[in-house]
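Asker: What follows is structure04.pdb; its format and atoms are PDB, C-alpha atoms and all ligand atoms.
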```pdb
ATOM      1  CA  MET O   1     209.299  89.427 105.347
ATOM      2  CA  ILE O   2     206.006  90.102 107.088
ATOM      3  CA  SER O   3     203.433  87.359 107.015
ATOM      4  CA  PHE O   4     199.800  86.917 107.870
ATOM      5  CA  LYS O   5     197.981  83.639 107.940
ATOM      6  CA  ASN O   6     194.462  82.500 107.216
ATOM      7  CA  LEU O   7     193.021  85.891 106.329
ATOM      8  CA  THR O   8     189.354  86.025 105.474
ATOM      9  CA  GLN O   9     188.233  88.478 102.813
ATOM     10  CA  SER O  10     187.225  90.971 105.468
ATOM     11  CA  ASP O  11     190.616  90.583 107.213
ATOM     12  CA  LEU O  12     192.313  91.207 103.880
ATOM     13  CA  GLY O  13     190.218  94.341 103.364
ATOM     14  CA  HIS O  14     191.042  95.542 106.846
ATOM     15  CA  LEU O  15     194.759  94.946 106.402
ATOM     16  CA  SER O  16     195.052  96.481 102.945
ATOM     17  CA  GLN O  17     193.212  99.626 103.972
ATOM     18  CA  LYS O  18     195.705  99.999 106.783
ATOM     19  CA  LEU O  19     198.575  99.299 104.397
ATOM     20  CA  SER O  20     197.395 101.958 101.966
ATOM     21  CA  SER O  21     198.054 104.701 104.508
ATOM     22  CA  PHE O  22     201.788 103.954 104.155
ATOM     23  CA  LEU O  23     201.859 104.311 100.378
ATOM     24  CA  LYS O  24     203.153 107.410  98.641
ATOM     25  CA  ALA O  25     203.748 108.638  95.105
ATOM     26  CA  GLY O  26     206.333 106.528  93.318
ATOM     27  CA  ASP O  27     205.671 103.363  95.312
ATOM     28  CA  ILE O  28     205.281 100.124  93.398
ATOM     29  CA  VAL O  29     203.278  97.266  94.860
ATOM     30  CA  GLY O  30     203.643  93.934  93.085
ATOM     31  CA  LEU O  31     200.927  91.338  93.611
ATOM     32  CA  THR O  32     201.594  87.670  92.992
ATOM     33  CA  GLY O  33     199.625  84.492  93.497
ATOM     34  CA  PRO O  34     197.425  82.175  91.447
ATOM     35  CA  LEU O  35     194.189  82.878  89.574
ATOM     36  CA  GLY O  36     191.375  83.866  91.888
ATOM     37  CA  VAL O  37     193.576  84.251  94.959
ATOM     38  CA  GLY O  38     192.378  87.812  95.611
ATOM     39  CA  LYS O  39     194.723  90.246  93.865
ATOM     40  CA  THR O  40     191.939  92.396  92.422
ATOM     41  CA  THR O  41     190.034  92.118  95.698
ATOM     42  CA  LEU O  42     193.099  93.552  97.436
ATOM     43  CA  VAL O  43     193.344  96.422  94.914
ATOM     44  CA  LYS O  44     189.686  97.263  95.591
ATOM     45  CA  SER O  45     190.424  97.551  99.316
ATOM     46  CA  LEU O  46     193.576  99.589  98.756
ATOM     47  CA  GLY O  47     191.598 101.842  96.430
ATOM     48  CA  GLN O  48     188.882 102.441  99.008
ATOM     49  CA  ALA O  49     191.409 104.190 101.207
ATOM     50  CA  PHE O  50     191.997 106.589  98.298
ATOM     51  CA  LYS O  51     188.236 107.067  97.938
ATOM     52  CA  ILE O  52     188.025 105.004  94.785
ATOM     53  CA  ARG O  53     184.744 103.101  94.678
ATOM     54  CA  PRO O  54     185.286  99.319  94.692
ATOM     55  CA  ASP O  55     182.950  98.994  91.688
ATOM     56  CA  ASP O  56     185.257 101.253  89.687
ATOM     57  CA  VAL O  57     188.188  98.909  90.297
ATOM     58  CA  VAL O  58     188.141  96.252  87.621
ATOM     59  CA  SER O  59     190.936  94.047  86.501
ATOM     60  CA  PRO O  60     192.494  95.529  83.363
ATOM     61  CA  THR O  61     193.089  92.085  81.912
ATOM     62  CA  PHE O  62     192.685  93.202  78.308
ATOM     63  CA  THR O  63     193.810  96.791  78.555
ATOM     64  CA  LEU O  64     196.669  95.938  80.960
ATOM     65  CA  LEU O  65     196.356  99.300  82.717
ATOM     66  CA  ASN O  66     193.563 101.199  84.474
ATOM     67  CA  ILE O  67     194.215 104.636  85.878
ATOM     68  CA  TYR O  68     192.086 105.751  88.812
ATOM     69  CA  ASP O  69     191.946 109.412  89.463
ATOM     70  CA  ALA O  70     192.406 109.851  93.200
ATOM     71  CA  ALA O  71     194.319 112.317  95.360
ATOM     72  CA  LEU O  72     197.272 110.885  93.475
ATOM     73  CA  PRO O  73     196.864 108.682  90.413
ATOM     74  CA  ILE O  74     196.615 104.948  91.022
ATOM     75  CA  TYR O  75     197.966 102.843  88.169
ATOM     76  CA  HIS O  76     196.396  99.395  88.305
ATOM     77  CA  TRP O  77     198.163  96.904  86.068
ATOM     78  CA  ASP O  78     197.206  93.348  85.232
ATOM     79  CA  LEU O  79     199.987  91.590  83.357
ATOM     80  CA  TYR O  80     198.246  88.216  83.033
ATOM     81  CA  ARG O  81     198.099  88.426  79.257
ATOM     82  CA  VAL O  82     201.579  89.789  78.746
ATOM     83  CA  GLU O  83     203.668  87.249  76.903
ATOM     84  CA  ASN O  84     206.986  88.984  76.601
ATOM     85  CA  GLU O  85     208.932  92.010  77.706
ATOM     86  CA  LYS O  86     208.597  93.642  74.277
ATOM     87  CA  GLU O  87     204.870  94.113  74.852
ATOM     88  CA  LEU O  88     205.596  96.003  78.032
ATOM     89  CA  LEU O  89     208.276  98.135  76.483
ATOM     90  CA  ALA O  90     205.760  99.097  73.795
ATOM     91  CA  LEU O  91     203.412 100.346  76.518
ATOM     92  CA  ASP O  92     205.855 102.873  77.881
ATOM     93  CA  TYR O  93     205.374 101.230  81.244
ATOM     94  CA  GLU O  94     208.301 103.180  82.697
ATOM     95  CA  GLU O  95     206.351 106.402  82.376
ATOM     96  CA  TYR O  96     203.958 105.007  84.995
ATOM     97  CA  PHE O  97     206.403 103.020  87.085
ATOM     98  CA  TYR O  98     208.548 106.037  87.669
ATOM     99  CA  GLY O  99     205.707 108.548  87.535
ATOM    100  CA  LYS O 100     203.650 110.594  89.942
ATOM    101  CA  GLY O 101     201.313 107.932  91.216
ATOM    102  CA  ILE O 102     201.202 104.592  92.971
ATOM    103  CA  CYS O 103     201.586 101.508  90.801
ATOM    104  CA  ILE O 104     199.794  98.317  91.792
ATOM    105  CA  VAL O 105     200.651  95.411  89.543
ATOM    106  CA  GLU O 106     198.772  92.100  89.352
ATOM    107  CA  TRP O 107     200.904  89.194  88.027
ATOM    108  CA  PHE O 108     204.011  91.192  88.925
ATOM    109  CA  ASP O 109     206.222  88.135  88.355
ATOM    110  CA  LYS O 110     205.592  88.495  84.622
ATOM    111  CA  LEU O 111     207.944  91.475  84.644
ATOM    112  CA  GLU O 112     210.950  89.187  85.062
ATOM    113  CA  GLN O 113     213.997  91.255  84.053
ATOM    114  CA  LEU O 114     211.945  94.456  83.897
ATOM    115  CA  LYS O 115     211.204  94.463  87.609
ATOM    116  CA  PRO O 116     211.986  97.896  89.040
ATOM    117  CA  SER O 117     214.906  98.291  91.421
ATOM    118  CA  SER O 118     212.634  99.096  94.340
ATOM    119  CA  TYR O 119     209.186  97.735  95.206
ATOM    120  CA  ILE O 120     207.186  95.747  97.720
ATOM    121  CA  GLU O 121     205.831  92.384  96.771
ATOM    122  CA  ILE O 122     202.638  91.032  98.261
ATOM    123  CA  GLN O 123     202.283  87.340  97.719
ATOM    124  CA  LEU O 124     198.942  85.662  98.259
ATOM    125  CA  LYS O 125     198.304  81.958  98.718
ATOM    126  CA  ILE O 126     195.032  80.063  98.790
ATOM    127  CA  VAL O 127     194.551  78.193 102.059
ATOM    128  CA  SER O 128     190.876  77.342 101.693
ATOM    129  CA  ILE O 129     187.827  78.664  99.844
ATOM    130  CA  THR O 130     187.592  81.558 102.277
ATOM    131  CA  GLN O 131     191.114  81.970 103.650
ATOM    132  CA  ARG O 132     194.398  83.272 102.263
ATOM    133  CA  ASP O 133     197.987  83.579 103.505
ATOM    134  CA  LEU O 134     199.786  86.816 102.714
ATOM    135  CA  THR O 135     203.423  87.880 102.795
ATOM    136  CA  ILE O 136     204.907  91.323 102.276
ATOM    137  CA  GLU O 137     208.518  91.700 101.225
ATOM    138  CA  GLY O 138     210.434  94.843 100.341
ATOM    139  CA  HIS O 139     213.072  94.879  97.603
ATOM    140  CA  GLY O 140     215.611  97.598  96.924
ATOM    141  CA  GLU O 141     216.322 100.612  99.096
ATOM    142  CA  GLU O 142     212.852 102.215  99.095
ATOM    143  CA  GLY O 143     211.126  98.843  99.239
ATOM    144  CA  LEU O 144     213.052  97.831 102.339
ATOM    145  CA  ILE O 145     212.270 101.153 104.015
ATOM    146  CA  LEU O 146     208.586 100.624 103.292
ATOM    147  CA  GLU O 147     208.727  97.049 104.616
ATOM    148  CA  LYS O 148     210.247  98.341 107.831
ATOM    149  CA  LYS O 149     207.530 100.977 108.187
ATOM    150  CA  LEU O 150     204.887  98.327 107.616
ATOM    151  CA  ARG O 151     206.509  95.979 110.104
ATOM    152  CA  ASN O 152     206.227  98.680 112.753
ATOM    153  CA  GLY O 153     202.930 100.122 111.613
ATOM    154  CA  LEU O 154     200.680  97.259 110.609
ATOM    155  CA  PRO O 155     198.744  95.547 113.353
ATOM    156  CA  ARG O 156     200.181  92.235 114.423
ATOM    157  CA  VAL O 157     196.725  90.846 114.277
ATOM    158  CA  ALA O 158     195.006  91.865 111.083
ATOM    159  CA  CYS O 159     191.476  92.083 112.423
ATOM    160  CA  ASP O 160     189.660  90.868 115.469
ATOM    161  CA  PRO O 161     192.222  90.738 118.300
ATOM    162  CA  ARG O 162     190.212  88.030 120.029
ATOM    163  CA  ASN O 163     191.140  85.463 117.441
ATOM    164  CA  ASP O 164     194.583  84.066 116.804
ATOM    165  CA  ARG O 165     194.342  83.378 113.110
ATOM    166  CA  GLN O 166     196.806  86.064 112.017
ATOM    167  CA  VAL O 167     200.469  85.773 112.755
ATOM    168  CA  HIS O 168     202.899  88.606 112.187
ATOM    169  CA  ALA O 169     206.361  87.138 111.654
TER     170      ALA O 169
HETATM  171  N1  LIG S   1     190.146  85.525 102.111
HETATM  172  C1  LIG S   1     189.910  85.970 100.892
HETATM  173  N2  LIG S   1     190.643  86.964 100.368
HETATM  174  C2  LIG S   1     190.430  87.400  99.105
HETATM  175  N3  LIG S   1     189.472  86.910  98.271
HETATM  176  C3  LIG S   1     188.710  85.914  98.747
HETATM  177  C4  LIG S   1     188.891  85.402 100.055
HETATM  178  N4  LIG S   1     188.000  84.425 100.243
HETATM  179  C5  LIG S   1     187.299  84.327  99.125
HETATM  180  N5  LIG S   1     187.695  85.216  98.209
HETATM  181  C6  LIG S   1     187.139  85.342  96.860
HETATM  182  O1  LIG S   1     188.136  84.977  95.928
HETATM  183  C7  LIG S   1     187.955  85.709  94.744
HETATM  184  C8  LIG S   1     189.212  86.453  94.399
HETATM  185  O2  LIG S   1     189.071  86.993  93.123
HETATM  186  P1  LIG S   1     190.026  88.098  92.535
HETATM  187  O3  LIG S   1     189.442  88.517  91.229
HETATM  188  O4  LIG S   1     190.289  89.153  93.535
HETATM  189  O5  LIG S   1     191.352  87.246  92.303
HETATM  190  P2  LIG S   1     192.610  87.596  91.412
HETATM  191  O6  LIG S   1     193.780  87.084  92.155
HETATM  192  O7  LIG S   1     192.593  89.028  91.032
HETATM  193  O8  LIG S   1     192.364  86.697  90.134
HETATM  194  P3  LIG S   1     193.019  86.859  88.669
HETATM  195  O9  LIG S   1     194.301  86.130  88.717
HETATM  196  O10 LIG S   1     192.016  86.202  87.786
HETATM  197  O11 LIG S   1     193.192  88.316  88.377
HETATM  198  C9  LIG S   1     186.788  86.679  94.952
HETATM  199  O12 LIG S   1     185.623  86.075  94.436
HETATM  200  C10 LIG S   1     186.713  86.757  96.471
HETATM  201  O13 LIG S   1     185.403  87.017  96.920
HETATM  202 MG    MG S   2     192.687  90.017  89.179
END
```
Since I need it in another form, could you write the structure as structure tokens?
Answerer:
Amino acid sequence: MISFKNLTQSDLGHLSQKLSSFLKAGDIVGLTGPLGVGKTTLVKSLGQAFKIRPDDVVSPTFTLLNIYDAALPIYHWDLYRVENEKELLALDYEEYFYGKGICIVEWFDKLEQLKPSSYIEIQLKIVSITQRDLTIEGHGEEGLILEKKLRNGLPRVACDPRNDRQVHA
């Protein structure tokens, strides 16, 4: 597990833009953490690296899925309103999960038994009004490979090296 502490919104933006350069078609990024923790904010920053305008990234709370047309398609899911697995099965979610793009899934924990075999999970926690803790954990073969790449490739300090707020475990 890789962890960062006390990230400000600009630190989070900085880190997720860096992270996006490691993502490739078929990767699944699960986002977890409470309401208002910054999941959509993180998707906006990831999207920027793919030249998607932040204003175009909106949480698909009602539609469940937004597709952004970038160099490769970005599938942005928000499962907040999903109540059971049947709803997901009805959406043909597998077509996207195992498709040609990158899947980023808010409220990933709602997938329960339907979680894919390989993914990275980014968990966010609220520390204060302006600061968040973040952990990154790979699951499954591909997920673990990606975690390793991120461990070697992400900066130990997420933003300004003069401060000591970020810790890379
Ligand atoms: N360090 C930080 N990182 C991320 N967001 C922050 C931070 N500090 C403050 N914020 C604010 O917290 C809010 C996060 O909202 P956002 O919609 O991204 O959360 P969310 O996790 O997607 O919520 P929801 O569960 O409703 O989808 C934004 O208003 C953002 O400006
Ligand atoms: Mg959101």
Asker: Would you mind telling me which residue in O:Gly101, O:Gly38, O:Pro60, O:Pro73 lies nearest to Leu134 (chain O) when using only C-alpha atoms?
Answerer: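 Among the listed residues, O:Gly38 lies closest to Leu134 (chain O).
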Asker: Write out as a compact mmCIF listing (two decimals) with C-alpha atoms, in the coordinates of the input the residues lying within 12 Å of Glu106 (chain O), counting all atoms listed in the file and excluding same-chain residues fewer than 5 positions away.
Answerer:
```
# COMPACT_ATOMS: atom_id res chain seq x y z
CA ILE O 28 205.28 100.12 93.40
CA VAL O 29 203.28 97.27 94.86
CA GLY O 30 203.64 93.93 93.08
CA LEU O 31 200.93 91.34 93.61
CA THR O 32 201.59 87.67 92.99
CA GLY O 33 199.62 84.49 93.50
CA PRO O 34 197.42 82.18 91.45
CA LEU O 35 194.19 82.88 89.57
CA GLY O 36 191.38 83.87 91.89
CA VAL O 37 193.58 84.25 94.96
CA GLY O 38 192.38 87.81 95.61
CA LYS O 39 194.72 90.25 93.86
CA THR O 40 191.94 92.40 92.42
CA THR O 41 190.03 92.12 95.70
CA LEU O 42 193.10 93.55 97.44
CA VAL O 43 193.34 96.42 94.91
CA VAL O 58 188.14 96.25 87.62
CA SER O 59 190.94 94.05 86.50
CA PRO O 60 192.49 95.53 83.36
CA THR O 61 193.09 92.08 81.91
CA LEU O 64 196.67 95.94 80.96
CA LEU O 65 196.36 99.30 82.72
CA ASN O 66 193.56 101.20 84.47
CA TYR O 75 197.97 102.84 88.17
CA HIS O 76 196.40 99.40 88.30
CA TRP O 77 198.16 96.90 86.07
CA ASP O 78 197.21 93.35 85.23
CA LEU O 79 199.99 91.59 83.36
CA TYR O 80 198.25 88.22 83.03
CA ARG O 81 198.10 88.43 79.26
CA VAL O 82 201.58 89.79 78.75
CA LEU O 111 207.94 91.48 84.64
CA GLU O 121 205.83 92.38 96.77
CA ILE O 122 202.64 91.03 98.26
CA GLN O 123 202.28 87.34 97.72
CA LEU O 124 198.94 85.66 98.26
```
Asker: From the list O:Tyr98, O:Trp107, O:Tyr93, O:Tyr119, which residue is nearest Ile145 (chain O) when using all atoms listed in the file?
Answerer: O:Tyr119
Asker: From the list O:Phe62, O:Phe97, O:Phe22, O:Tyr68, which residue is nearest ligand LIG 1 (chain S) when using all atoms listed in the file?
Answerer: O:Phe62
Asker: If I wrap all listed atoms of ligand LIG 1 (chain S) in a box with edges along x, y and z and add 5 Å on each side, what are its centre and edge lengths in Å to one decimal, as AutoDock Vina command-line options?
Answerer:
```
--center_x 189.9 --center_y 86.7 --center_z 94.9 --size_x 18.9 --size_y 14.8 --size_z 24.3
```
Asker: Since I can't run it myself right now, could you work out what the PyMOL selection byres (((chain O and resi 1-3) around 12) and not hetatm) selects here and report it as a PyMOL selection string?
Answerer: chain O and resi 4-7+15+120-125+132-139+143-144+146-158+165-169
Asker: How many Å separate atom O12 of ligand LIG 1 (chain S) from CA of Ile129 (chain O)?
Answerer: 9.4 Å
Asker: Decode the PyMOL selection byres (((chain O and resi 48) around 12) and not hetatm) for the given file into explicit residues and return them as a VMD selection string.
Answerer: chain O and resid 13 to 14 16 to 21 41 to 47 49 to 57 68 70 to 71 74
Asker: Taking all atoms listed in the file into account, which of O:Glu141, O:Glu85, O:Asp92, O:Asp27 comes nearest Leu114 (chain O)?
Answerer: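 For Leu114 (chain O), the nearest of the given residues is O:Glu85.
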Asker: Write out as JSON, numbers by chain which residues come within 8 Å of Gln9 (chain O) when counting all atoms listed in the file, dropping same-chain ones fewer than 3 positions away.
Answerer: {"O": [12, 13, 130, 131]}
Asker: Return the single residue from O:Asp69, O:Glu83, O:Glu95, O:Asp11 that is closest to ligand LIG 1 (chain S), with distances computed using only C-alpha atoms and all ligand atoms.
Answerer: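 Using only C-alpha atoms and all ligand atoms, the shortest distance to ligand LIG 1 (chain S) belongs to O:Asp11.
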Asker: Distance CA of Ala25 (chain O)-CA of Ile102 (chain O), one decimal place?
Answerer: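 One can read the CA of Ala25 (chain O) to CA of Ile102 (chain O) distance as 5.2 Å.
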Asker: Between O:Gly99, O:Gly140, O:Val127, O:Thr63, single out the one closest to Lys115 (chain O), counting all atoms listed in the file.
Answerer: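 Using all atoms listed in the file, the shortest distance to Lys115 (chain O) belongs to O:Gly140.
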Asker: In Å to one decimal, how far is CA of Pro116 (chain O) from CA of Leu88 (chain O)?
Answerer: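 Between these atoms lies a distance of 12.9 Å.
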Asker: Kindly write region 84-116 of chain O with C-alpha atoms to a file, as an mmCIF file, in the first residue's frame.
Answerer:
```cif
data_model
loop_
_atom_site.group_PDB
_atom_site.id
_atom_site.type_symbol
_atom_site.label_atom_id
_atom_site.label_comp_id
_atom_site.auth_asym_id
_atom_site.auth_seq_id
_atom_site.Cartn_x
_atom_site.Cartn_y
_atom_site.Cartn_z
ATOM 1 C CA ASN O 84 -27.960 -4.035 -5.818
ATOM 2 C CA GLU O 85 -25.833 -6.041 -8.186
ATOM 3 C CA LYS O 86 -28.784 -6.668 -10.515
ATOM 4 C CA GLU O 87 -28.825 -2.991 -11.474
ATOM 5 C CA LEU O 88 -25.213 -3.222 -12.528
ATOM 6 C CA LEU O 89 -25.689 -6.415 -14.454
ATOM 7 C CA ALA O 90 -28.501 -4.687 -16.349
ATOM 8 C CA LEU O 91 -26.052 -1.966 -17.391
ATOM 9 C CA ASP O 92 -23.702 -4.336 -19.143
ATOM 10 C CA TYR O 93 -20.968 -2.931 -16.953
ATOM 11 C CA GLU O 94 -18.576 -5.680 -18.051
ATOM 12 C CA GLU O 95 -18.495 -4.253 -21.550
ATOM 13 C CA TYR O 96 -16.772 -1.192 -20.068
ATOM 14 C CA PHE O 97 -14.784 -2.857 -17.318
ATOM 15 C CA TYR O 98 -13.119 -5.170 -19.752
ATOM 16 C CA GLY O 99 -13.192 -2.752 -22.676
ATOM 17 C CA LYS O 100 -10.803 -0.479 -24.501
ATOM 18 C CA GLY O 101 -10.649 2.386 -22.064
ATOM 19 C CA ILE O 102 -9.778 3.283 -18.502
ATOM 20 C CA CYS O 103 -12.497 2.806 -15.906
ATOM 21 C CA ILE O 104 -12.635 5.144 -12.923
ATOM 22 C CA VAL O 105 -15.299 4.170 -10.436
ATOM 23 C CA GLU O 106 -16.609 6.346 -7.594
ATOM 24 C CA TRP O 107 -18.153 4.342 -4.705
ATOM 25 C CA PHE O 108 -16.245 1.291 -5.931
ATOM 26 C CA ASP O 109 -17.090 -0.605 -2.730
ATOM 27 C CA LYS O 110 -20.685 -0.861 -3.943
ATOM 28 C CA LEU O 111 -19.525 -3.493 -6.421
ATOM 29 C CA GLU O 112 -19.097 -6.034 -3.628
ATOM 30 C CA GLN O 113 -19.003 -9.455 -5.320
ATOM 31 C CA LEU O 114 -18.789 -7.890 -8.782
ATOM 32 C CA LYS O 115 -15.385 -6.356 -8.156
ATOM 33 C CA PRO O 116 -13.070 -7.212 -11.046
#
```
